[in-house]
Amino acid sequence: MVKPKTEEEIELLRENAILVSKTLAEVGKRVAPGVTTLELNRVADEFIRDNGAIPSFLGYDGFPAALCMSVNSTVVHGFPSEYVLKEGDILSVDCGTLYKGYNGDSAYTFPVGEVSAETRKLMDVTKASLYKGIEAAVAGNRTGDIGYAVQTYVESFGFSVVRELEGHGLGREMHEEPGVPNYGRRGKGTHLVEGMVICIEPMINAGDKAVYLARNGWEVKTCDHRNAAHYELTVVVRKGQAEQLSTFDYIEKDGKIKF
Ligand code: MG
Ligand code: MG
């Protein structure tokens, strides 16, 4: 039985969610050809600390940076590096904060300059599938309803859902129960109860669903080397409609990223 959060806890999670959302926007402003992912990591690390929080990914199970920076065929958990972003790349940025004892966790996939129409489609469908998942995150449903909503939407476009990784509960720990898979069957899985705080994060491949773990033990990559996209938001399960804690508004409303 997963314990729902109190409204006081939800307010602390909201503060984290807003900080993570703003951090992603700070990074997004600087995503461009010629920039290294290490430079972007530095921006986020500094922004998070300037706001009195700690980048929670740094040191998590030995992870070496504030952000996960996953380029093109890297699905998630990429290391920031000296890699220089180039026109047509896509960059998934996953950000976590620890503030007042609670966690924030959200992710966004940015285009680097102009991307191909096929890549644009992958990004759009992945993001839309996240909102389909959020629509299903209501009290009385189960985690399988979220997974089903994401999976059916994504597969209708011929894209595939990564099975090895999933969303999760969020609270004092970055990864709490329940697991929130991006595939599944309606009416199966953990019951969703009002006040549960969960991260929904579809990881979607342009080609086959198969992934492998890189030799560094972290980076998850597509076996067919085609692109993958990843978007993540934190929501509170409510009756009738989930309440979003994190948001992409800071990223999308500054006019730089066109949708
Ligand atoms: Mg994340
Ligand atoms: Mg997460």
# chains A, B, ... in the order shown; residues from 1 in each chain; ligands from 1
$ residues_around --residues "His191 of chain A" --least-positions-apart "6" --cutoff "8 Å" --atoms "only C-alpha atoms" --output "list in words"
Ala139, Gly140, Asn141, Arg142 and Thr143 of chain A
$ residues_near_ligand --ligand "ligand 2" --cutoff "8 Å" --atoms "only C-alpha atoms and all ligand atoms" --output "PyMOL selection string"
chain A and resi 94+105-107+166-168+174-175+199-201+232
$ residues_near_ligand --ligand "ligand 1" --cutoff "12 Å" --atoms "only C-alpha atoms and all ligand atoms" --output "VMD selection string"
chain A and resid 17 20 to 21 24 55 to 57 66 to 70 75 to 78 92 to 97 103 to 109 165 to 170 174 to 175 198 to 203 230 to 234 246
$ select_by_dssp --residues "segment 5-245 of chain A" --states "strand (DSSP E)" --output "PyMOL selection string"
chain A and resi 54-55+67-71+74-76+90-99+102-111+160-161+167-169+176-180+197-200+203-205+211-213+220-222+228-230+233-236+243-244
$ residues_around --residues "segment 226-229 of chain A" --least-positions-apart "4" --cutoff "7 Å" --atoms "only C-alpha atoms" --output "MDAnalysis selection string"
chainID A and resid 72:75 92 109 122:123 126 203:207 222
$ closest_residue --among "A:Lys100, A:Val125, A:Glu173, A:Gly187" --to "Glu11 of chain A" --atoms "only C-alpha atoms"
A:Lys100
$ decode --residues "segment 82-103 of chain A" --atoms "N, CA, C and O atoms" --output "PDB file, in the first residue's frame"
ATOM      1  N   GLU A  82      32.446  16.442 -22.991  1.00  0.00           N
ATOM      2  CA  GLU A  82      32.994  17.455 -23.903  1.00  0.00           C
ATOM      3  C   GLU A  82      32.349  17.360 -25.291  1.00  0.00           C
ATOM      4  O   GLU A  82      32.748  18.073 -26.208  1.00  0.00           O
ATOM      5  N   TYR A  83      31.387  16.469 -25.434  1.00  0.00           N
ATOM      6  CA  TYR A  83      30.703  16.352 -26.723  1.00  0.00           C
ATOM      7  C   TYR A  83      30.105  17.710 -27.114  1.00  0.00           C
ATOM      8  O   TYR A  83      29.410  18.339 -26.320  1.00  0.00           O
ATOM      9  N   VAL A  84      30.377  18.113 -28.329  1.00  0.00           N
ATOM     10  CA  VAL A  84      29.870  19.390 -28.825  1.00  0.00           C
ATOM     11  C   VAL A  84      28.570  19.141 -29.597  1.00  0.00           C
ATOM     12  O   VAL A  84      28.560  18.408 -30.590  1.00  0.00           O
ATOM     13  N   LEU A  85      27.494  19.741 -29.121  1.00  0.00           N
ATOM     14  CA  LEU A  85      26.199  19.553 -29.789  1.00  0.00           C
ATOM     15  C   LEU A  85      26.255  20.095 -31.205  1.00  0.00           C
ATOM     16  O   LEU A  85      26.869  21.136 -31.457  1.00  0.00           O
ATOM     17  N   LYS A  86      25.581  19.381 -32.106  1.00  0.00           N
ATOM     18  CA  LYS A  86      25.573  19.851 -33.491  1.00  0.00           C
ATOM     19  C   LYS A  86      24.133  19.925 -34.010  1.00  0.00           C
ATOM     20  O   LYS A  86      23.232  19.243 -33.493  1.00  0.00           O
ATOM     21  N   GLU A  87      23.965  20.756 -35.023  1.00  0.00           N
ATOM     22  CA  GLU A  87      22.667  20.950 -35.664  1.00  0.00           C
ATOM     23  C   GLU A  87      22.023  19.600 -35.972  1.00  0.00           C
ATOM     24  O   GLU A  87      22.677  18.720 -36.539  1.00  0.00           O
ATOM     25  N   GLY A  88      20.759  19.445 -35.574  1.00  0.00           N
ATOM     26  CA  GLY A  88      20.046  18.206 -35.877  1.00  0.00           C
ATOM     27  C   GLY A  88      20.057  17.176 -34.760  1.00  0.00           C
ATOM     28  O   GLY A  88      19.322  16.193 -34.815  1.00  0.00           O
ATOM     29  N   ASP A  89      20.926  17.397 -33.732  1.00  0.00           N
ATOM     30  CA  ASP A  89      20.921  16.501 -32.562  1.00  0.00           C
ATOM     31  C   ASP A  89      19.650  16.726 -31.751  1.00  0.00           C
ATOM     32  O   ASP A  89      19.024  17.795 -31.836  1.00  0.00           O
ATOM     33  N   ILE A  90      19.325  15.732 -30.931  1.00  0.00           N
ATOM     34  CA  ILE A  90      18.354  15.989 -29.860  1.00  0.00           C
ATOM     35  C   ILE A  90      19.016  15.647 -28.534  1.00  0.00           C
ATOM     36  O   ILE A  90      19.853  14.737 -28.443  1.00  0.00           O
ATOM     37  N   LEU A  91      18.623  16.409 -27.507  1.00  0.00           N
ATOM     38  CA  LEU A  91      19.258  16.291 -26.196  1.00  0.00           C
ATOM     39  C   LEU A  91      18.193  16.142 -25.120  1.00  0.00           C
ATOM     40  O   LEU A  91      17.421  17.073 -24.869  1.00  0.00           O
ATOM     41  N   SER A  92      18.164  14.980 -24.493  1.00  0.00           N
ATOM     42  CA  SER A  92      17.281  14.796 -23.334  1.00  0.00           C
ATOM     43  C   SER A  92      18.024  15.247 -22.094  1.00  0.00           C
ATOM     44  O   SER A  92      19.137  14.801 -21.820  1.00  0.00           O
ATOM     45  N   VAL A  93      17.412  16.179 -21.368  1.00  0.00           N
ATOM     46  CA  VAL A  93      17.984  16.698 -20.125  1.00  0.00           C
ATOM     47  C   VAL A  93      17.082  16.271 -18.977  1.00  0.00           C
ATOM     48  O   VAL A  93      15.903  16.608 -18.956  1.00  0.00           O
ATOM     49  N   ASP A  94      17.648  15.513 -18.049  1.00  0.00           N
ATOM     50  CA  ASP A  94      16.896  15.060 -16.876  1.00  0.00           C
ATOM     51  C   ASP A  94      17.508  15.737 -15.665  1.00  0.00           C
ATOM     52  O   ASP A  94      18.734  15.742 -15.504  1.00  0.00           O
ATOM     53  N   CYS A  95      16.649  16.347 -14.830  1.00  0.00           N
ATOM     54  CA  CYS A  95      17.138  17.183 -13.731  1.00  0.00           C
ATOM     55  C   CYS A  95      16.479  16.784 -12.418  1.00  0.00           C
ATOM     56  O   CYS A  95      15.260  16.563 -12.382  1.00  0.00           O
ATOM     57  N   GLY A  96      17.266  16.718 -11.363  1.00  0.00           N
ATOM     58  CA  GLY A  96      16.708  16.420 -10.040  1.00  0.00           C
ATOM     59  C   GLY A  96      17.213  17.404  -9.005  1.00  0.00           C
ATOM     60  O   GLY A  96      18.361  17.849  -9.065  1.00  0.00           O
ATOM     61  N   THR A  97      16.334  17.752  -8.070  1.00  0.00           N
ATOM     62  CA  THR A  97      16.736  18.634  -6.964  1.00  0.00           C
ATOM     63  C   THR A  97      16.362  17.999  -5.631  1.00  0.00           C
ATOM     64  O   THR A  97      15.434  17.185  -5.553  1.00  0.00           O
ATOM     65  N   LEU A  98      17.105  18.415  -4.611  1.00  0.00           N
ATOM     66  CA  LEU A  98      16.751  18.086  -3.231  1.00  0.00           C
ATOM     67  C   LEU A  98      16.670  19.408  -2.495  1.00  0.00           C
ATOM     68  O   LEU A  98      17.649  20.166  -2.458  1.00  0.00           O
ATOM     69  N   TYR A  99      15.495  19.695  -1.951  1.00  0.00           N
ATOM     70  CA  TYR A  99      15.252  20.987  -1.301  1.00  0.00           C
ATOM     71  C   TYR A  99      14.290  20.762  -0.146  1.00  0.00           C
ATOM     72  O   TYR A  99      13.235  20.142  -0.336  1.00  0.00           O
ATOM     73  N   LYS A 100      14.678  21.233   1.027  1.00  0.00           N
ATOM     74  CA  LYS A 100      13.847  21.073   2.237  1.00  0.00           C
ATOM     75  C   LYS A 100      13.464  19.607   2.468  1.00  0.00           C
ATOM     76  O   LYS A 100      12.350  19.303   2.921  1.00  0.00           O
ATOM     77  N   GLY A 101      14.386  18.714   2.098  1.00  0.00           N
ATOM     78  CA  GLY A 101      14.162  17.293   2.400  1.00  0.00           C
ATOM     79  C   GLY A 101      13.319  16.536   1.396  1.00  0.00           C
ATOM     80  O   GLY A 101      13.053  15.341   1.579  1.00  0.00           O
ATOM     81  N   TYR A 102      12.880  17.235   0.333  1.00  0.00           N
ATOM     82  CA  TYR A 102      12.065  16.578  -0.688  1.00  0.00           C
ATOM     83  C   TYR A 102      12.718  16.704  -2.062  1.00  0.00           C
ATOM     84  O   TYR A 102      13.635  17.512  -2.247  1.00  0.00           O
ATOM     85  N   ASN A 103      12.212  15.913  -3.011  1.00  0.00           N
ATOM     86  CA  ASN A 103      12.853  15.803  -4.316  1.00  0.00           C
ATOM     87  C   ASN A 103      12.032  16.423  -5.448  1.00  0.00           C
ATOM     88  O   ASN A 103      10.801  16.452  -5.397  1.00  0.00           O
TER      89      ASN A 103
END
